[in-house]
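Data from my_file14.cif: mmCIF, C-alpha atoms
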data_target
loop_
_atom_site.label_atom_id
_atom_site.label_comp_id
_atom_site.auth_asym_id
_atom_site.auth_seq_id
_atom_site.Cartn_x
_atom_site.Cartn_y
_atom_site.Cartn_z
CA MET A 1 0.00 0.00 0.00
CA SER A 2 1.20 3.53 -0.68
CA ARG A 3 1.37 5.91 2.24
CA GLY A 4 -1.61 8.19 2.73
CA GLY A 5 -3.64 6.36 0.06
CA ALA A 6 -1.81 8.11 -2.79
CA THR A 7 -3.03 7.11 -6.23
CA ARG A 8 -1.00 6.34 -9.35
CA GLY A 9 -1.51 6.72 -13.08
CA HIS A 10 -2.87 4.30 -15.63
CA LEU A 11 -1.28 1.00 -16.70
CA GLU A 12 -1.12 0.86 -20.48
CA THR A 13 -2.49 -2.36 -22.03
CA PRO A 14 -2.37 -1.85 -25.82
CA THR A 15 -2.76 -5.54 -26.71
CA LEU A 16 -5.75 -5.94 -24.39
CA ASP A 17 -7.35 -2.79 -25.79
CA ARG A 18 -6.95 -4.16 -29.33
CA GLU A 19 -7.91 -7.80 -28.67
CA ALA A 20 -10.58 -7.49 -25.95
CA ALA A 21 -13.65 -7.66 -28.18
CA GLY A 22 -12.46 -10.72 -30.08
CA LEU A 23 -11.32 -12.48 -26.93
CA LEU A 24 -14.64 -11.90 -25.18
CA ARG A 25 -16.43 -13.28 -28.22
CA ASP A 26 -14.29 -16.44 -28.08
CA ILE A 27 -14.87 -16.78 -24.32
CA SER A 28 -18.64 -16.51 -24.81
CA GLU A 29 -18.53 -19.16 -27.53
CA HIS A 30 -16.94 -21.51 -24.99
CA GLY A 31 -19.63 -20.94 -22.39
CA GLY A 32 -18.13 -17.94 -20.63
CA TYR A 33 -21.19 -15.71 -20.77
CA ALA A 34 -20.98 -14.78 -17.09
CA TYR A 35 -17.29 -13.93 -17.48
CA ALA A 36 -18.03 -11.72 -20.49
CA ALA A 37 -20.80 -9.97 -18.55
CA MET A 38 -18.35 -9.14 -15.74
CA SER A 39 -15.59 -7.98 -18.06
CA GLY A 40 -17.24 -4.66 -19.00
CA PRO A 41 -17.69 -3.44 -15.41
CA ALA A 42 -14.20 -4.77 -14.58
CA ALA A 43 -12.62 -2.71 -17.35
CA ALA A 44 -14.59 0.30 -16.12
CA GLY A 45 -13.12 0.00 -12.62
CA ASP A 46 -15.51 -2.25 -10.70
CA VAL A 47 -13.24 -4.16 -8.27
CA ARG A 48 -15.83 -6.81 -7.40
CA ALA A 49 -16.54 -7.53 -11.06
CA ALA A 50 -12.81 -7.77 -11.82
CA GLU A 51 -12.21 -10.23 -8.98
CA ALA A 52 -15.31 -12.24 -9.92
CA ALA A 53 -14.09 -12.58 -13.52
CA ARG A 54 -10.65 -13.67 -12.33
CA GLU A 55 -12.23 -16.28 -10.04
CA MET A 56 -14.32 -17.64 -12.92
CA ALA A 57 -11.25 -18.02 -15.11
CA TRP A 58 -9.29 -19.56 -12.21
CA GLU A 59 -11.99 -22.22 -11.79
CA GLN A 60 -11.73 -23.08 -15.49
CA LEU A 61 -7.96 -23.45 -15.19
CA HIS A 62 -8.50 -26.01 -12.41
CA SER A 63 -11.39 -27.89 -13.98
CA GLY A 64 -9.19 -30.80 -15.11
CA PRO A 65 -5.64 -31.77 -16.17
CA TRP A 66 -3.59 -28.74 -17.20
CA HIS A 67 -3.06 -30.00 -20.75
CA SER A 68 -6.83 -30.15 -21.27
CA VAL A 69 -7.47 -26.51 -20.33
CA LEU A 70 -8.70 -24.54 -23.36
CA PRO A 71 -6.23 -21.80 -24.39
CA VAL A 72 -9.06 -19.25 -24.43
CA TRP A 73 -9.49 -19.65 -20.67
CA ARG A 74 -5.80 -19.05 -20.08
CA ASP A 75 -6.13 -15.82 -22.08
CA ALA A 76 -9.28 -14.99 -20.09
CA TYR A 77 -7.28 -15.35 -16.89
CA SER A 78 -4.60 -13.00 -18.26
CA MET A 79 -7.27 -10.44 -19.11
CA ALA A 80 -8.79 -10.62 -15.64
CA CYS A 81 -5.36 -10.30 -14.02
CA LEU A 82 -4.67 -7.14 -16.03
CA HIS A 83 -7.99 -5.64 -14.93
CA VAL A 84 -7.40 -6.50 -11.25
CA ALA A 85 -3.76 -5.37 -11.30
CA ARG A 86 -4.70 -2.06 -12.90
CA LEU A 87 -7.14 -1.37 -10.07
CA HIS A 88 -4.62 -2.30 -7.36
CA TYR A 89 -2.03 -0.09 -9.03
CA ARG A 90 -4.44 2.81 -9.27
CA GLY A 91 -5.03 2.48 -5.54
CA GLY A 92 -1.31 2.50 -4.77
CA GLU A 93 -1.13 -1.22 -3.92
CA LEU A 94 2.13 -1.94 -5.75
CA LYS A 95 2.96 -5.33 -4.25
CA GLU A 96 -0.54 -6.69 -4.70
CA ALA A 97 -0.60 -5.48 -8.31
CA LEU A 98 2.73 -7.23 -8.95
CA ARG A 99 1.45 -10.43 -7.36
CA VAL A 100 -1.59 -10.50 -9.63
CA LEU A 101 0.48 -9.77 -12.74
CA ASP A 102 2.82 -12.64 -11.85
CA LEU A 103 -0.14 -14.97 -11.56
CA GLY A 104 -1.12 -13.86 -15.04
CA LEU A 105 2.36 -14.68 -16.34
CA ILE A 106 2.47 -18.06 -14.58
CA MET A 107 -1.06 -19.26 -15.31
CA GLY A 108 -2.23 -17.14 -18.23
CA GLY A 109 -2.00 -17.56 -21.98
CA THR A 110 0.19 -15.99 -24.65
CA LEU A 111 -2.20 -13.46 -26.21
CA LEU A 112 -1.74 -10.75 -23.57
CA ARG A 113 1.74 -11.67 -22.40
CA LYS A 114 3.38 -8.50 -23.74
CA ASP A 115 0.99 -6.35 -21.71
CA LEU A 116 1.70 -8.39 -18.58
CA GLU A 117 5.47 -8.17 -19.10
CA ALA A 118 5.40 -4.42 -19.73
CA ALA A 119 3.30 -3.84 -16.62
CA VAL A 120 5.60 -6.03 -14.50
CA GLU A 121 8.66 -4.17 -15.75
CA ARG A 122 7.15 -0.81 -14.85
CA LEU A 123 5.94 -1.89 -11.41
CA SER A 124 9.19 -3.67 -10.56
CA VAL A 125 11.16 -0.48 -11.12
CA GLU A 126 8.71 1.49 -8.97
CA ALA A 127 8.84 -1.14 -6.21
CA ARG A 128 12.66 -1.02 -6.15
CA ASP A 129 12.64 2.77 -6.06
CA ALA A 130 10.18 2.65 -3.15
CA ARG A 131 12.42 0.24 -1.21
CA PHE A 132 15.47 2.40 -1.85
CA LEU A 133 13.73 5.58 -0.75
CA GLY A 134 12.44 3.77 2.31
CA GLY A 135 15.97 2.73 3.28
CA GLN A 136 15.24 -0.99 2.98
CA GLU A 137 18.19 -1.57 0.63
CA CYS A 138 20.61 -0.52 3.36
CA GLU A 139 19.42 -2.93 6.03
CA GLU A 140 21.90 -5.36 7.61
CA GLU A 141 24.93 -4.00 5.76
CA GLY A 142 28.16 -5.86 6.44
CA LEU A 143 26.51 -9.26 6.95
CA ASP A 144 27.59 -12.17 4.77
CA LYS A 145 24.69 -12.60 2.35
CA ARG A 146 26.13 -15.43 0.27
CA LEU A 147 23.83 -18.38 -0.32
CA VAL A 148 26.77 -20.81 -0.21
CA ARG A 149 29.80 -19.93 1.86
CA GLU A 150 31.90 -23.10 1.73
CA GLY A 151 32.39 -26.29 -0.26
CA ILE A 152 31.23 -29.79 0.54
CA ASP A 153 32.79 -32.32 2.92
CA LEU A 154 33.01 -35.53 0.88
CA ASP A 155 33.08 -37.82 3.92
CA LYS A 156 29.85 -36.28 5.24
CA VAL A 157 28.27 -36.35 1.80
CA LEU A 158 28.92 -40.06 1.34
CA ARG A 159 26.97 -40.81 4.51
CA ILE A 160 23.76 -39.35 3.07
CA LEU A 161 24.02 -40.54 -0.53
CA PRO A 162 22.43 -43.74 -1.86
CA ILE A 163 24.45 -46.96 -1.44
CA LYS A 164 27.44 -47.49 -3.76
CA SER A 165 27.57 -43.79 -4.63
CA LEU A 166 30.82 -42.59 -6.24
CA SER A 167 32.31 -46.08 -5.96
CA LEU A 168 31.73 -47.48 -9.46
CA LYS A 169 31.69 -45.64 -12.79
CA THR A 170 31.87 -41.85 -12.70
CA VAL A 171 30.62 -39.60 -15.49
CA ALA A 172 33.33 -38.55 -17.95
CA ARG A 173 34.65 -35.01 -17.47
CA ARG A 174 35.90 -32.66 -20.19
CA SER A 175 37.29 -29.15 -19.82
CA ALA A 176 35.99 -26.47 -22.20
CA LEU A 177 34.69 -29.13 -24.57
CA SER A 178 34.31 -27.92 -28.16
CA LEU A 179 30.93 -28.21 -29.88
CA GLU A 180 32.49 -30.58 -32.42
CA GLY A 181 33.96 -32.72 -29.62
CA PHE A 182 30.63 -32.76 -27.78
CA LEU A 183 28.77 -33.80 -30.92
CA ARG A 184 31.24 -36.52 -31.88
CA GLU A 185 32.05 -38.03 -28.47
CA PHE A 186 28.83 -37.68 -26.50
CA PHE A 187 25.77 -36.35 -28.36
CA LEU A 188 25.75 -38.87 -31.20
CA SER A 189 26.42 -41.77 -28.85
CA ASP A 190 23.89 -40.65 -26.21
CA CYS A 191 26.54 -40.58 -23.49
CA PRO A 192 26.50 -38.25 -20.43
CA VAL A 193 29.42 -35.90 -19.79
CA VAL A 194 30.37 -33.24 -17.24
CA ILE A 195 31.70 -30.13 -18.95
CA THR A 196 33.95 -27.87 -16.87
CA ASP A 197 35.33 -24.36 -17.51
CA CYS A 198 32.33 -23.41 -19.62
CA MET A 199 30.41 -20.79 -17.62
CA SER A 200 32.97 -18.12 -16.84
CA GLN A 201 31.11 -15.56 -18.98
CA TRP A 202 27.84 -15.95 -17.07
CA PRO A 203 27.04 -12.93 -14.82
CA ALA A 204 24.97 -15.39 -12.75
CA ARG A 205 28.13 -17.12 -11.53
CA THR A 206 28.78 -14.26 -9.12
CA LYS A 207 25.43 -12.48 -8.89
CA TRP A 208 23.25 -15.43 -7.87
CA ASN A 209 25.26 -16.28 -4.79
CA ASP A 210 24.36 -12.84 -3.42
CA MET A 211 21.13 -12.82 -1.40
CA ASP A 212 20.81 -9.04 -1.68
CA TYR A 213 21.06 -9.13 -5.46
CA LEU A 214 18.32 -11.76 -5.72
CA LYS A 215 16.06 -9.83 -3.35
CA THR A 216 16.60 -6.60 -5.28
CA ILE A 217 15.92 -8.17 -8.66
CA ALA A 218 13.10 -10.55 -7.73
CA GLY A 219 12.10 -10.06 -4.10
CA ASP A 220 8.56 -8.81 -4.77
CA ARG A 221 7.80 -11.37 -7.49
CA THR A 222 5.48 -14.31 -6.89
CA VAL A 223 6.77 -17.80 -7.75
CA PRO A 224 5.40 -21.37 -7.48
CA VAL A 225 7.28 -23.66 -5.08
CA GLU A 226 7.06 -27.30 -4.07
CA VAL A 227 6.86 -28.18 -0.37
CA GLY A 228 7.66 -31.70 0.81
CA LYS A 229 10.20 -34.46 0.30
CA ASN A 230 9.43 -34.88 -3.43
CA TYR A 231 6.54 -35.06 -5.89
CA LEU A 232 6.00 -38.80 -5.29
CA CYS A 233 5.17 -38.31 -1.58
CA SER A 234 1.57 -37.93 -0.42
CA GLU A 235 2.43 -34.90 1.75
CA TRP A 236 3.90 -33.02 -1.21
CA LYS A 237 2.11 -29.79 -2.19
CA GLN A 238 2.58 -26.59 -4.16
CA GLU A 239 2.38 -22.99 -2.95
CA LEU A 240 2.60 -19.49 -4.40
CA ILE A 241 4.90 -17.22 -2.38
CA THR A 242 7.07 -14.18 -3.03
CA PHE A 243 10.70 -14.68 -3.92
CA SER A 244 11.68 -12.88 -0.71
CA GLN A 245 9.63 -15.36 1.33
CA PHE A 246 11.33 -18.20 -0.53
CA LEU A 247 14.78 -16.77 0.26
CA GLU A 248 13.82 -16.45 3.93
CA ARG A 249 12.87 -20.13 3.98
CA LEU A 250 16.22 -20.95 2.41
CA GLN A 251 18.07 -19.04 5.13
CA SER A 252 16.17 -20.78 7.91
CA ASN A 253 16.28 -24.24 6.34
CA ASP A 254 16.84 -27.23 8.60
CA PRO A 255 18.69 -29.87 6.51
CA SER A 256 16.80 -32.61 8.36
CA ALA A 257 13.38 -31.04 7.71
CA ALA A 258 10.85 -33.35 6.04
CA ASP A 259 9.21 -30.53 4.10
CA PRO A 260 11.86 -28.43 2.30
CA THR A 261 10.71 -25.69 -0.06
CA TYR A 262 11.95 -26.11 -3.63
CA LEU A 263 11.53 -23.86 -6.65
CA ALA A 264 11.64 -26.73 -9.14
CA GLN A 265 11.30 -26.94 -12.91
CA HIS A 266 9.85 -23.45 -13.18
CA PRO A 267 10.35 -21.21 -16.29
CA LEU A 268 11.61 -18.46 -14.00
CA PHE A 269 13.54 -16.74 -16.78
CA ASP A 270 10.44 -16.28 -18.91
CA GLN A 271 8.87 -14.63 -15.89
CA ILE A 272 11.79 -12.52 -14.61
CA ASN A 273 13.73 -11.10 -17.54
CA GLU A 274 16.48 -9.57 -15.37
CA LEU A 275 17.58 -13.06 -14.29
CA ARG A 276 17.43 -14.28 -17.89
CA LYS A 277 20.07 -11.68 -18.76
CA ASP A 278 22.46 -13.32 -16.26
CA ILE A 279 22.76 -16.59 -18.22
CA LEU A 280 23.75 -17.68 -21.72
CA ILE A 281 22.32 -20.53 -23.77
CA PRO A 282 25.17 -23.05 -24.18
CA ASP A 283 26.25 -23.73 -27.75
CA TYR A 284 25.80 -27.43 -27.00
CA CYS A 285 22.03 -26.88 -27.08
CA PHE A 286 22.22 -26.37 -30.83
CA ALA A 287 23.87 -29.76 -31.44
CA GLY A 288 22.00 -31.78 -34.03
CA GLY A 289 20.27 -28.68 -35.38
CA GLY A 290 17.77 -28.90 -32.56
CA GLU A 291 15.35 -26.43 -31.02
CA LEU A 292 15.35 -25.23 -27.41
CA LYS A 293 12.17 -26.56 -25.77
CA SER A 294 12.36 -25.20 -22.23
CA LEU A 295 14.59 -23.26 -19.88
CA ASN A 296 13.89 -23.97 -16.20
CA ALA A 297 15.17 -23.00 -12.75
CA TRP A 298 15.91 -25.42 -9.90
CA PHE A 299 16.56 -23.53 -6.67
CA GLY A 300 16.41 -24.97 -3.17
CA PRO A 301 18.17 -25.95 0.05
CA ALA A 302 20.52 -28.84 0.77
CA GLY A 303 18.64 -32.11 0.88
CA THR A 304 16.13 -31.49 -1.89
CA VAL A 305 15.72 -34.60 -4.03
CA THR A 306 14.35 -35.24 -7.49
CA PRO A 307 13.48 -38.96 -7.58
CA LEU A 308 14.73 -41.35 -10.26
CA HIS A 309 13.01 -40.42 -13.54
CA HIS A 310 13.67 -39.72 -17.20
CA ASP A 311 12.85 -36.82 -19.54
CA PRO A 312 12.04 -36.84 -23.28
CA HIS A 313 14.60 -34.26 -24.42
CA HIS A 314 18.33 -33.64 -24.51
CA ASN A 315 19.26 -31.82 -21.30
CA ILE A 316 22.12 -29.60 -20.17
CA LEU A 317 21.99 -29.05 -16.40
CA ALA A 318 24.11 -26.00 -15.51
CA GLN A 319 25.17 -25.68 -11.88
CA VAL A 320 25.35 -21.98 -11.03
CA VAL A 321 25.45 -21.99 -7.21
CA GLY A 322 26.28 -24.89 -4.87
CA ALA A 323 26.68 -28.58 -5.68
CA LYS A 324 24.51 -31.58 -6.58
CA TYR A 325 24.90 -35.34 -6.68
CA ILE A 326 23.48 -36.98 -9.83
CA ARG A 327 23.13 -40.70 -10.54
CA LEU A 328 22.30 -41.90 -14.07
CA TYR A 329 20.99 -45.18 -15.49
CA SER A 330 21.00 -45.94 -19.21
CA SER A 331 17.87 -45.40 -21.29
CA SER A 332 18.07 -49.10 -22.15
CA PHE A 333 16.77 -49.88 -18.66
CA SER A 334 13.04 -49.66 -18.09
CA GLU A 335 11.49 -52.80 -16.68
CA GLU A 336 14.41 -53.09 -14.23
CA LEU A 337 13.63 -49.62 -12.85
CA TYR A 338 9.96 -50.37 -12.15
CA PRO A 339 8.28 -47.27 -13.65
CA HIS A 340 4.92 -46.19 -12.25
CA SER A 341 1.94 -47.41 -14.24
CA GLU A 342 -0.01 -44.14 -13.90
CA THR A 343 0.19 -42.01 -17.05
CA MET A 344 1.28 -38.87 -15.18
CA LEU A 345 4.13 -40.72 -13.44
CA CYS A 346 5.17 -43.27 -16.07
CA ASN A 347 8.56 -41.53 -16.44
CA SER A 348 9.28 -41.97 -12.70
CA SER A 349 10.67 -45.07 -10.97
CA LYS A 350 9.00 -46.72 -7.98
CA VAL A 351 12.49 -47.40 -6.56
CA ASP A 352 13.42 -44.98 -3.77
CA LEU A 353 17.21 -44.72 -4.00
CA ASP A 354 17.35 -43.39 -0.45
CA ASP A 355 15.57 -46.47 0.91
CA ILE A 356 15.79 -49.34 -1.58
CA ASP A 357 13.44 -52.27 -0.99
CA GLU A 358 15.48 -55.17 -2.39
CA LYS A 359 12.66 -57.72 -2.03
CA GLU A 360 10.13 -55.51 -3.79
CA TYR A 361 12.49 -54.52 -6.63
CA PRO A 362 14.96 -57.39 -7.15
CA LYS A 363 15.72 -56.56 -10.81
CA PHE A 364 17.05 -53.19 -9.74
CA MET A 365 19.86 -54.56 -7.62
CA GLY A 366 23.17 -54.80 -9.43
CA LEU A 367 22.20 -52.50 -12.31
CA GLU A 368 25.10 -50.57 -13.78
CA PHE A 369 25.01 -46.80 -13.29
CA MET A 370 27.30 -43.80 -13.46
CA ASP A 371 27.31 -40.80 -11.14
CA CYS A 372 29.02 -37.51 -10.33
CA ILE A 373 29.08 -34.47 -8.10
CA LEU A 374 28.26 -31.41 -10.18
CA GLU A 375 30.12 -28.38 -8.81
CA GLU A 376 29.60 -24.66 -9.36
CA GLY A 377 30.45 -23.62 -12.91
CA GLU A 378 29.97 -27.10 -14.38
CA MET A 379 27.39 -28.51 -16.80
CA LEU A 380 26.07 -32.06 -17.11
CA TYR A 381 24.73 -33.42 -20.39
CA ILE A 382 21.87 -35.92 -19.84
CA PRO A 383 20.74 -37.70 -23.03
CA PRO A 384 17.00 -38.27 -23.68
CA LYS A 385 15.34 -41.04 -21.68
CA TRP A 386 18.35 -41.54 -19.40
CA TRP A 387 17.07 -42.13 -15.87
CA HIS A 388 18.51 -39.75 -13.28
CA TYR A 389 18.29 -39.07 -9.54
CA VAL A 390 19.37 -35.67 -8.20
CA ARG A 391 20.19 -34.55 -4.64
CA SER A 392 21.28 -31.04 -3.60
CA LEU A 393 24.35 -31.21 -1.37
CA THR A 394 24.24 -27.50 -0.50
CA THR A 395 21.86 -24.66 -1.20
CA SER A 396 21.72 -25.00 -4.96
CA PHE A 397 20.66 -22.92 -7.96
CA SER A 398 20.70 -24.74 -11.31
CA VAL A 399 19.39 -24.11 -14.81
CA SER A 400 18.21 -26.85 -17.16
CA PHE A 401 18.16 -26.44 -20.94
CA TRP A 402 15.96 -28.94 -22.81
CA TRP A 403 16.26 -29.24 -26.58
CA SER A 404 15.30 -31.74 -29.24
CA LYS A 405 16.41 -32.74 -32.71
CA PRO A 406 14.25 -31.63 -35.66
CA GLU A 407 11.50 -34.16 -36.32
CA SER A 408 12.92 -34.86 -39.76
CA SER A 409 16.32 -35.74 -38.25
CA SER A 410 16.98 -39.44 -37.92
CA ASP A 411 18.46 -40.80 -34.71
CA SER A 412 22.13 -41.64 -34.85
#

Could you write out this structure as structure tokens?
Amino acid sequence: MSRGGATRGHLETPTLDREAAGLLRDISEHGGYAYAAMSGPAAAGDVRAAEAAREMAWEQLHSGPWHSVLPVWRDAYSMACLHVARLHYRGGELKEALRVLDLGLIMGGTLLRKDLEAAVERLSVEARDARFLGGQECEEEGLDKRLVREGIDLDKVLRILPIKSLSLKTVARRSALSLEGFLREFFLSDCPVVITDCMSQWPARTKWNDMDYLKTIAGDRTVPVEVGKNYLCSEWKQELITFSQFLERLQSNDPSAADPTYLAQHPLFDQINELRKDILIPDYCFAGGGELKSLNAWFGPAGTVTPLHHDPHHNILAQVVGAKYIRLYSSSFSEELYPHSETMLCNSSKVDLDDIDEKEYPKFMGLEFMDCILEEGEMLYIPPKWWHYVRSLTTSFSVSFWWSKPESSSDS
């Protein structure tokens, strides 16, 4: 809230102004008559109508599996978020306006994305200026605000890793691997590799280990997080919190806690452009003439685990802050890894590497694997369909780059 109830100007929404009539027509054709009826008063400044329209669209987004949601309802949610955010902004409620705009970016469609991004950029600058003028940027000067202050103790690490870790075959390591060398030695043969000395040009290498920098750039932004051991556990849930709240949870994290908070597999860099500027797309992602499919953030405390699973695309996992342990099983294994039968989890193994039930999963025992510890400034190439288990050994901030070969390209 602004002090004294001061009001602000108008948020420009040129795409919404141009596309509103056509979008409302499409929404009505898909049964959204009540939404369309609320949209006029919402655009005119009726707060209750704006919130009602947003709630209607929200219900449609949660009416079934995400992939079955009609695109028009995602665009409807974006429209409602712009209406609600504009009213909050007009009333001086900067943080609430930003929160609503972020929800539009996270849950909304593509039609009005430029309006959402432009509004977020404007409000983010105003929010930072307000913090600076309020003296909040100068708080706790002199304190060590690094996310990770020291390296790992290998003896301690081995006590918490799955059995046989780092005792058999380790992933090959190459320093400053050329694109030609990557293509010839690893990409064409579907073989994992750790690439070192390849991220020195990334501003993120220094900036992202600074808590103050992250708070300044993204503190007021709303992000989705996972809470719980991992997505296969019944207690697992998702929440929407501000980035500052997430960083506070990181600082207070108990490594033995059963419910760590993890910002996992989120397209953070589509949402927060300032962080996108801190990274570079590795040249390796263009191997095979492929196309980048997704760019995701993985940010959480020590002890976060991604269970054994496989993904459909080529993957470069870049370790920006902290360290992770990764274990990999060949894509040739499937039956031996006991995948879940449910469609949504068929790429995940029933085997819990942290507590292996040998009687329940006898085919798993004795399977060949390779593993590694991925340190700051290193990248790991994971070929498509290779099963992998990941554990954060420290507070960790990673970026994954998924890409695929052109459909016309034959597998080598």

Query raised in the report: Within 6 Å of region 186-193 of chain A, counting all atoms listed in the file, which residues qualify if same-chain residues fewer than 6 places away don't, as a count of residues only?
Result: 8

Requested in this report: Using the chain letters and numbering of this document, enumerate as an MDAnalysis selection string the residues selected by the PyMOL selection byres ((chain A and resi 402) around 7).
Outcome: chainID A and resid 292:295 313:316 400:401 403

Query raised in the report: Can you list what the PyMOL selection byres ((chain A and resi 36) around 10) grabs from this structure, as a ChimeraX atom specification?
Result: /A:21,23-28,31-35,37-42,53,76

So which residues touch Asn347 (chain A) within 8 Å, counting all atoms listed in the file, skipping near sequence neighbours fewer than 6 positions away, as a PDB file with C-alpha atoms, in the frame of the given file?
ATOM      1  CA  HIS A 309      13.010 -40.420 -13.540  1.00  0.00           C
ATOM      2  CA  HIS A 310      13.670 -39.720 -17.200  1.00  0.00           C
ATOM      3  CA  ASP A 311      12.850 -36.820 -19.540  1.00  0.00           C
ATOM      4  CA  PRO A 339       8.280 -47.270 -13.650  1.00  0.00           C
ATOM      5  CA  HIS A 340       4.920 -46.190 -12.250  1.00  0.00           C
TER       6      HIS A 340
END

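Of the listed residues (A:Ala80, A:Leu123, A:Cys346, A:Ala85), A:Ala80 comes nearest to Gly109 (chain A); the distances count all atoms listed in the file.
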
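Each of A:Thr304, A:Ser175, A:Ser63, A:Ser68 was compared to Pro260 (chain A) using only C-alpha atoms, and A:Thr304 turns out to be the nearest.
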
Report summary line: Closest of A:Ala264, A:Ala302, A:Ile279, A:Met56 to Lys207 (chain A), counting all atoms listed in the file, is A:Ile279

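Picture a line from CA of Glu121 (chain A) to CA of Asn273 (chain A); it runs 8.8 Å.
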
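For the atom pair formed by CA of Glu29 (chain A) and CA of Trp66 (chain A), the distance is 20.5 Å, given to one decimal.
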
Query raised in the report: Can you list, as a list in words, every protein, DNA or RNA residue that comes within 7 Å of Trp202 (chain A) when you count all atoms listed in the file, leaving out same-chain residues fewer than 3 positions away?
Result: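 So, after excluding close chain neighbours, the residues are Met199, Arg205, Asp278, Ile279 and Leu280 of chain A.
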
Query raised in the report: Applied to the shown file, which residues does the PyMOL selection byres ((chain A and resi 77) around 12) return, written as a ChimeraX atom specification?
Result: /A:23-24,27,32,35-36,39,50-62,69-76,78-85,100-113,116

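When all atoms listed in the file are used to compute distances to Asp283 (chain A), the closest of the residues A:Thr261, A:Leu247, A:Ser331, A:Gly181 turns out to be A:Gly181.
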
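Surrounding region 385-393 of chain A within 6 Å are A:Ala302, A:Gly303, A:Thr304, A:Val305, A:Thr306, A:Pro307, A:Leu308, A:His309, A:His310, A:Asp311, A:Pro312, A:Ala323, A:Lys324, A:Tyr325, A:Ile326, A:Arg327, A:Leu328, A:Tyr329, A:Ser330, A:Ser331, with only C-alpha atoms counted and residues fewer than 4 positions along the same chain left out.
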
With C-alpha atoms retained, write the just-selected residues as a PDB file, in the coordinates of the input.
ATOM      1  CA  ALA A 302      20.520 -28.840   0.770  1.00  0.00           C
ATOM      2  CA  GLY A 303      18.640 -32.110   0.880  1.00  0.00           C
ATOM      3  CA  THR A 304      16.130 -31.490  -1.890  1.00  0.00           C
ATOM      4  CA  VAL A 305      15.720 -34.600  -4.030  1.00  0.00           C
ATOM      5  CA  THR A 306      14.350 -35.240  -7.490  1.00  0.00           C
ATOM      6  CA  PRO A 307      13.480 -38.960  -7.580  1.00  0.00           C
ATOM      7  CA  LEU A 308      14.730 -41.350 -10.260  1.00  0.00           C
ATOM      8  CA  HIS A 309      13.010 -40.420 -13.540  1.00  0.00           C
ATOM      9  CA  HIS A 310      13.670 -39.720 -17.200  1.00  0.00           C
ATOM     10  CA  ASP A 311      12.850 -36.820 -19.540  1.00  0.00           C
ATOM     11  CA  PRO A 312      12.040 -36.840 -23.280  1.00  0.00           C
ATOM     12  CA  ALA A 323      26.680 -28.580  -5.680  1.00  0.00           C
ATOM     13  CA  LYS A 324      24.510 -31.580  -6.580  1.00  0.00           C
ATOM     14  CA  TYR A 325      24.900 -35.340  -6.680  1.00  0.00           C
ATOM     15  CA  ILE A 326      23.480 -36.980  -9.830  1.00  0.00           C
ATOM     16  CA  ARG A 327      23.130 -40.700 -10.540  1.00  0.00           C
ATOM     17  CA  LEU A 328      22.300 -41.900 -14.070  1.00  0.00           C
ATOM     18  CA  TYR A 329      20.990 -45.180 -15.490  1.00  0.00           C
ATOM     19  CA  SER A 330      21.000 -45.940 -19.210  1.00  0.00           C
ATOM     20  CA  SER A 331      17.870 -45.400 -21.290  1.00  0.00           C
TER      21      SER A 331
END

**Report entry** Computed interatomic separation between CA of Ala218 (chain A) and CA of Ser244 (chain A) (Å)
**Finding:**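 Taking CA of Ala218 (chain A) as the start and CA of Ser244 (chain A) as the end point, the length is 7.5 Å.
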